[in-house]
Amino acid sequence: MRWQRQCAGVGVALVLPTGMLPACRRTGVGSIGSGASRRPAGKDQGANMTDQATGKPRSGAEEIVSFIAEHGYRHVFGLPGSQLVSIFHTLQNTDVTLVPTVHESVTVAAADGYARVAGSAIAMLYMLPGTANGLANIYNAARDDSPLILLASQQLSTARTNLGAYCEGDTVPLVKPFVRLAHELGKGADVRSWLEHAKRVSQGTPGGPVFLSVCEDAMMEPAPVNTERRSTHGAPAVPDVAAVAEQLRMAERPLIVVGGQVRRLGGTAAVEAIAERFDIPVTFEAPLLDALGIAPGHSHCRGSIYMSGLEQDADVVLLLGSRAITEASPRPAPYFPKARFVAQVNADPSRLEAIRRFDWVSASDSGAFATALLAALEAGPAPSAEIRAARADWLARPTPPLPRSGSLGRLFAGFARCVAPLHDALDHGWLVDETVMAAGVLQSALTAKDGRRYMGTNGASLGWGTGAASGVALASGEPVTCTLGDGSLRFGMAGLWTARAMNLPITFIIMDNYGYGSTRNYERQYIAKLGPDARPQKPGYFNMDMRTLGPDIQGMVEGFGIPCRRLSPEDDLRAAVLDAWARRSDGPNALIMPVGFEDED
Ligand SMILES: Cc1ncc(C[n+]2csc(CCOP(=O)(O)OP(=O)(O)O)c2C)c(N)n1
Ligand SMILES: [Mg+2]
């Protein structure tokens with residue numbers, strides 16, 4: 001329940017004042033409070049027996065709406081369908097805003113972005129089709145432990161026939177691999193109890209998406225009175241850090257690799273202090289990241305592990321709150337070949353040694369681990385002068401240059417030119433990132449000393465960024481820069497609709513390399529691997545090269561009523577970015593950046 005540990009809750013009145021959620025001091029994010037956590041423990045806490053206005057027992061749908069209002073959600077996300085109408089209708093009795101979307105992939109992505117800022121969010125999906133449409137973004141939310149509550153409508157429980165009825169289907173097994181709780185509520189189910197339980201699970205350590213399929217009879221009929229206790233999570237146990245502290249103390253070339261979990265669980269300040277005080281470089285676990293575990297502009301931040309040049313030579317490694325290891329295509333070669341000690345810490349036991357094996361692992365809250373590790377290092381003897389000198393050399397190692405020649409060189413040169421004007425994006429609001437090959441270059445260009453407002457997804461299922469940006473803007477009440485590959489934009493086109501419909505302060509920055517630079521790179525690598533046996537010798541780039549394929553992206557963005565400027569290499573890119581940022585308070589706008597096509601012909 002970390003969000004609640006870190007953030008003060010908001011009001012619980014059924015009818016809430018409008019406005020944005022308060023900012024949480026420690027994390028810079030708002031919070032969806034828990035009515036439960038503010039009540040004294042004990043029985044008889046369920047105030048949901050009858051509707052106060054009518055004196056009648058509440059239906060399941062009314063229970064859902066009172067849950068939403070009592071927990072202080074200001075926005076919910078949903079796309080209607082017959083069985084959801086009861087909830088949508090009842091929402092009129094509250095000040096909760098239903099955020100409109102035109103595809104469930106956007107419903108989920110927008111709620112996901114909201115949940116990452118506010119600490120919780122609710123997305124409502126229509127039966128089998130809506131759930132299936134949302135699945136790829138449920139996967140993204142799952143990869144990043146996003147505290148997202150998914151409510152899906154379902155056919156009458158007395159008429160459940162397994163695909164017999166219109167839009168009916170077993171949605172629980174469909175989503176099960178991607179959620180921490182999945183359950184169908186049939187006739188007579190204690191709707192409020194399940195909602196409270198689902199919220200607690202979604203905000204646990206580790207948290208993540210949860211899913212309730214609510215049958216029409218559970219929605220329409222009187223819900224049972226609920227008088228359960230509602231718990232508050234206490235602080236996590238203090239982890240055993242002694243072995244890691246001992247190894248780090250003696251290391252000449254130490255390395256800490258942080259995942260987004262460290263940020264979420266409040267460990268960033270401790271990691272930054274460890275890095276500074278003990279001369280330890282820190283890298284991100286991958287270029288595609290959910291959150292920055294250390295500020296990108298921190299003196300000891302060395303960007304993505306792959307670009308840092310440190311992985312091959314480190315002697316002691318701590319993977320903190322990260323996977324093991326996030327890769328687009330798992331490589332055969334081992335990681336950390338020269339390390340005598342590699343440790344992995346993750347709050348989720350299933351992520352320990354998920355792909356590779358290490359020397360020491362611990363299923364611990366990575367925020368608490370960072371805090372305890374700092375205390376242990378400070379309590380022990382200071383590193384010797386020899387070790388300090390070795391670490392100074394290690395820290396002074398220059399980051400290897402980006403590829404300079406050939407197709408890859410041209411691609412990275414284009415990215416570097418186009419991300420440079422965004423160096424201070426995190427000082428101008430949130431950055432929701434769905435650039436694909438450009439992500440590592442973008443992170444390296446960021447100069448912010450405070451990395452809280454960066455957000456991406458480790459899931460890498462494209463079509464997330466446009467929707468997530470709307471959720472972030474709504475939850476934070478702050479402007480958003482949404483960086484996208486031109487391919488990601490095409491996947492997430494429907495998300496522009498919500499940004500425009502709600503007139504949100506978002507600048508979309510599109511890295512245009514005419515299609516899928518990453519898959520073109522894979523095709524070139526494939527040809528290189530086959531060597532002279534490759535037939536033909538030239539890449540085809542089928543459905544990857546969009547120089548002449550399909551409609552122009554500027555026209556597509558403008559079709560949503562969003563002003564969009566296409567920039568050429570001769571334009572002043574920084575001036576264009578500053579101008580777009582200045583105008584986003586009027587509503588969303590977009591810039592297309594001239595990355596260029598990397599192949600010679
Ligand atoms: C939903 C989904 N479908 C397909 C892919 C496979 N894929 C990975 S990268 C990529 C192309 C991304 O293009 P763009 O956003 O323009 O970024 P670039 O590769 O040009 O940097 C594709 C199609 C994916 N990640 N997600
Ligand atoms: Mg592209």
# chains A, B, ... in the order shown; residues from 1 in each chain; ligands from 1

$ select_by_dssp --residues "range 133-325 of chain A" --states "alpha helix (DSSP H)" --output "PyMOL selection string"
chain A and resi 133-143+171-175+191-202+216-220+242-250+260-264+268-278+305-308

$ select_by_dssp --residues "range 350-540 of chain A" --states "strand (DSSP E)" --output "ChimeraX atom specification"
/A:360-363,430-434,454-455,480-485,506-512

$ write_last_selection --atoms "C-alpha atoms" --output "mmCIF file, in the first residue's frame"
data_model
loop_
_atom_site.group_PDB
_atom_site.id
_atom_site.type_symbol
_atom_site.label_atom_id
_atom_site.label_comp_id
_atom_site.auth_asym_id
_atom_site.auth_seq_id
_atom_site.Cartn_x
_atom_site.Cartn_y
_atom_site.Cartn_z
ATOM 1 C CA TRP A 360 22.528 -13.389 -4.165
ATOM 2 C CA VAL A 361 18.837 -12.556 -4.487
ATOM 3 C CA SER A 362 16.219 -11.125 -2.182
ATOM 4 C CA ALA A 363 12.479 -10.614 -2.493
ATOM 5 C CA TRP A 430 5.634 15.419 -17.248
ATOM 6 C CA LEU A 431 7.291 13.408 -19.978
ATOM 7 C CA VAL A 432 5.339 10.399 -21.248
ATOM 8 C CA ASP A 433 7.735 8.511 -23.488
ATOM 9 C CA GLU A 434 6.934 5.997 -26.182
ATOM 10 C CA TYR A 454 9.302 10.720 -16.490
ATOM 11 C CA MET A 455 7.052 7.846 -17.471
ATOM 12 C CA VAL A 480 2.692 16.854 -20.520
ATOM 13 C CA THR A 481 5.227 16.284 -23.274
ATOM 14 C CA CYS A 482 4.392 13.010 -24.995
ATOM 15 C CA THR A 483 7.293 11.725 -27.102
ATOM 16 C CA LEU A 484 6.389 9.086 -29.663
ATOM 17 C CA GLY A 485 7.936 7.143 -32.482
ATOM 18 C CA ILE A 506 -0.207 17.958 -24.086
ATOM 19 C CA THR A 507 2.511 18.520 -26.682
ATOM 20 C CA PHE A 508 2.990 15.400 -28.800
ATOM 21 C CA ILE A 509 6.524 15.191 -30.195
ATOM 22 C CA ILE A 510 6.798 12.636 -32.979
ATOM 23 C CA MET A 511 10.194 11.221 -33.944
ATOM 24 C CA ASP A 512 9.555 10.674 -37.622
#

$ closest_residue --among "A:Asn589, A:Ser488, A:Thr94, A:Ser153" --to "ligand 2" --atoms "only C-alpha atoms and all ligand atoms"
A:Ser488

$ residues_near_ligand --ligand "ligand 1" --cutoff "6 Å" --atoms "only C-alpha atoms and all ligand atoms" --output "ChimeraX atom specification"
/A:435-438,460-462,485-488,513,515-519

$ closest_residue --among "A:Ala439, A:Ala469, A:Ala448, A:Ala382" --to "ligand 2" --atoms "only C-alpha atoms and all ligand atoms"
A:Ala439

$ closest_residue --among "A:Val175, A:Ile256, A:Leu320, A:Leu288" --to "Ile138 in chain A" --atoms "only C-alpha atoms"
A:Val175
